[in-house]
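Engineer: The structure follows.
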Amino acid sequence: MSPQNPIRNLFGLHPSSPELSNYLASLFIRTSTADPSAVEVKSFPDAVYLNYYALGLSLLFTPLPGYNPKTGLKLSELNSDQLILNSLDIYNIPKPSASGPRSQNTSSRIAELAFSSFPSFPLVLDIGGEVKDKDGKAQTRPPTLEVTLQTTGKDFVQCLGEPDRKGGGSGPSSGSIGIWCEWTKDGIMIEFGGDEAKGPQAWERGKDAVWKVITLFSSTLGK
């Protein structure tokens with residue numbers, strides 16, 4: 001599987017599956033990190049996270065019924081056959097800039113900077129189908145959405161239509177979370193970054209905000 005194939009093909013795979021291993025290896029080739037084993041494991045009874053910081057990628061695995069992983073397990077200690085990939089986070093993390101002090105020195109900012117940006121773009125997502133705009137009128141969407149490092153809120157809404165859920169952006173810029181939008185049926189949630197995505201006027205400026213994290217989960221389209 002190459003990075004150009006739909007990333008949703010990874011859903012349902014086990015951590016040790018050859019398909020997933022090949023996909024991750026193809027991403028590592030695109031980075032300066034030579035060690036494909038560089039992964040942080042966070043295990044809990046109801047979820048296991050594999051964080052590939054160098055790839056800007058976090059994978060969430062759900063245990064099958066009857067398997068309850070202990071907290072703090074190593075990768076080799078997981079029962080891989082009892083875990084399936086349920087969702088994933090893709091990161092777009094700009095380099096720190098002294099010109100944006102309001103975005104600096106927050107706990108979320110420090111945590112995000114642990115990740116690099118995802119190395120394979122454009123990220124192509126299948127989104128074909130008919131949706132309704134904010135006035136309730138039907139609109140036909142293109143078959144795919146191509147996401148780059150510069151894709152903005154306006155770009156997502158123009159392609160996907162109005163989100164099913166949204167939130168964030170309230171409070172002073174230094175303390176609020178960025179705005180986020182979710183297209184539930186598509187299995188897509190977007191968190192936006194930068195000063196445009198924070199503060200009392202975040203939703204007015206949000207159309208120009210660039211995405212920070214894309215979460216992909218199971219889509220219900222066509223079901």
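Here, A, B, ... name the chains of the structure tokens in the order displayed, residue numbers run from 1 inside each chain, and ligands are numbered from 1 in the same displayed order.
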Please identify all polymer residues within 12 Å of Thr31 of chain A, counting only C-alpha atoms, omitting same-chain residues fewer than 6 positions from it, and present them as a ChimeraX atom specification.

Structural biologist: /A:24-25,52-56,116-120

Engineer: Please provide the set of residues having any atom within 12 Å of Glu130 of chain A, restricted to only C-alpha atoms, with same-chain residues fewer than 3 positions apart removed, written as a count of residues only.

Structural biologist: 17

Engineer: Hey, what does DSSP flag as strand (DSSP E or B) within segment 25-205 of chain A? Can you give it to me as a ChimeraX atom specification?

Structural biologist: /A:40-44,47-52,57-63,83-91,123-126,129-132,138-141,144-147,152,165-167,180-183,188-192

Engineer: Can you work out which one of A:Pro15, A:Pro65, A:Gly178, A:Gly153 has the shortest atom-to-atom distance to Tyr49 of chain A, counting only C-alpha atoms?

Structural biologist: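 That would be A:Pro15, the residue with the smallest distance to Tyr49 of chain A.
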
Engineer: Let's see if you can do this: from backbone DSSP, list all helix (DSSP H, G or I) residues in segment 13-212 of chain A, as a PyMOL selection string.

Structural biologist: chain A and resi 18-28+53-55+75-77+80-82+101-103+107-112+153-160+184-186+195-197+202-208

Engineer: Would you save the residues of that selection, restricted to C-alpha atoms, as a compact mmCIF listing (two decimals), in the first residue's frame?

Structural biologist:
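Final file, again_23.txt:
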# COMPACT_ATOMS: atom_id res chain seq x y z
CA PRO A 18 1.90 -6.34 6.99
CA GLU A 19 -0.29 -3.78 5.22
CA LEU A 20 0.05 -1.28 8.06
CA SER A 21 3.77 -1.94 8.45
CA ASN A 22 4.33 -1.35 4.73
CA TYR A 23 2.35 1.88 4.82
CA LEU A 24 4.31 3.22 7.79
CA ALA A 25 7.60 2.23 6.15
CA SER A 26 6.63 4.15 3.01
CA LEU A 27 6.06 7.24 5.15
CA PHE A 28 9.35 6.91 7.02
CA TYR A 53 5.78 11.64 16.22
CA ALA A 54 8.18 11.79 13.27
CA LEU A 55 5.31 10.99 10.90
CA LEU A 75 4.58 -2.63 21.83
CA SER A 76 5.93 -6.17 22.17
CA GLU A 77 3.58 -6.82 25.10
CA SER A 80 -1.84 -7.38 18.34
CA ASP A 81 -4.43 -9.80 16.95
CA GLN A 82 -6.93 -8.49 19.50
CA PRO A 101 3.34 34.96 20.89
CA ARG A 102 -0.31 34.20 21.61
CA SER A 103 0.17 30.72 20.21
CA SER A 107 0.25 23.21 27.25
CA SER A 108 -1.59 22.25 24.06
CA ARG A 109 1.01 24.03 21.96
CA ILE A 110 3.87 22.17 23.68
CA ALA A 111 2.11 18.80 23.25
CA GLU A 112 1.44 19.44 19.57
CA GLY A 153 -11.56 26.21 6.76
CA LYS A 154 -13.13 27.79 3.70
CA ASP A 155 -11.67 25.08 1.47
CA PHE A 156 -13.09 22.29 3.62
CA VAL A 157 -16.59 23.81 3.79
CA GLN A 158 -16.68 24.52 0.06
CA CYS A 159 -15.91 20.87 -0.65
CA LEU A 160 -17.65 19.05 2.22
CA THR A 184 -19.95 12.91 11.07
CA LYS A 185 -21.25 10.91 8.12
CA ASP A 186 -17.92 11.35 6.34
CA ASP A 195 -4.60 32.89 15.85
CA GLU A 196 -7.45 32.88 13.30
CA ALA A 197 -8.90 29.81 15.05
CA ALA A 202 -12.67 32.96 15.74
CA TRP A 203 -15.68 31.93 13.67
CA GLU A 204 -15.52 35.14 11.65
CA ARG A 205 -11.82 34.59 10.94
CA GLY A 206 -11.97 30.80 10.81
CA LYS A 207 -12.44 30.62 7.05
CA ASP A 208 -8.78 31.62 6.73

Engineer: Using only C-alpha atoms, which residues sit within 7 Å of Val124 of chain A once same-chain residues fewer than 2 positions away are excluded, as a list of chain:residue names?

Structural biologist: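 Non-adjacent residues within range: A:Pro6, A:Pro122, A:Asp126, A:Thr144, A:Leu145, A:Glu146, A:Val147.
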
Engineer: Keeping only all heavy atoms, write the selected residues as a CSV table (one decimal), in the first residue's frame.

Structural biologist:
chain,number,residue,atom,x,y,z
A,6,PRO,N,-6.1,5.3,-0.6
A,6,PRO,CA,-7.0,5.8,0.5
A,6,PRO,C,-6.5,5.4,1.9
A,6,PRO,O,-6.4,4.2,2.1
A,6,PRO,CB,-8.3,5.3,0.1
A,6,PRO,CG,-8.3,5.1,-1.3
A,6,PRO,CD,-6.9,4.7,-1.6
A,122,PRO,N,-0.5,15.5,-1.6
A,122,PRO,CA,-1.8,15.8,-1.0
A,122,PRO,C,-2.4,14.5,-0.4
A,122,PRO,O,-2.1,13.4,-0.8
A,122,PRO,CB,-2.7,16.2,-2.2
A,122,PRO,CG,-2.1,15.5,-3.4
A,122,PRO,CD,-0.6,15.5,-3.1
A,126,ASP,N,-11.8,10.2,0.0
A,126,ASP,CA,-13.0,9.9,-0.8
A,126,ASP,C,-14.2,10.6,-0.1
A,126,ASP,O,-14.5,10.3,1.1
A,126,ASP,CB,-13.3,8.4,-0.9
A,126,ASP,CG,-12.2,7.7,-1.7
A,126,ASP,OD1,-11.7,8.4,-2.7
A,126,ASP,OD2,-11.9,6.6,-1.5
A,144,THR,N,-13.5,13.3,-4.6
A,144,THR,CA,-12.4,13.3,-3.6
A,144,THR,C,-12.1,14.7,-3.1
A,144,THR,O,-12.4,15.7,-3.8
A,144,THR,CB,-11.1,12.7,-4.2
A,144,THR,OG1,-10.7,13.5,-5.3
A,144,THR,CG2,-11.3,11.2,-4.6
A,145,LEU,N,-11.5,14.8,-1.9
A,145,LEU,CA,-11.0,16.0,-1.4
A,145,LEU,C,-9.5,15.9,-1.2
A,145,LEU,O,-9.0,14.9,-0.6
A,145,LEU,CB,-11.6,16.3,0.0
A,145,LEU,CG,-10.9,17.3,0.9
A,145,LEU,CD1,-11.0,18.7,0.2
A,145,LEU,CD2,-11.6,17.3,2.3
A,146,GLU,N,-8.7,16.8,-1.8
A,146,GLU,CA,-7.3,16.8,-1.7
A,146,GLU,C,-6.8,17.8,-0.7
A,146,GLU,O,-7.0,19.0,-0.9
A,146,GLU,CB,-6.6,17.0,-3.1
A,146,GLU,CG,-6.9,15.9,-4.1
A,146,GLU,CD,-6.0,16.0,-5.3
A,146,GLU,OE1,-5.1,16.9,-5.4
A,146,GLU,OE2,-6.1,15.2,-6.3
A,147,VAL,N,-6.2,17.3,0.4
A,147,VAL,CA,-5.8,18.2,1.5
A,147,VAL,C,-4.3,18.4,1.3
A,147,VAL,O,-3.5,17.5,1.2
A,147,VAL,CB,-6.1,17.6,2.8
A,147,VAL,CG1,-5.7,18.5,4.0
A,147,VAL,CG2,-7.6,17.2,2.9
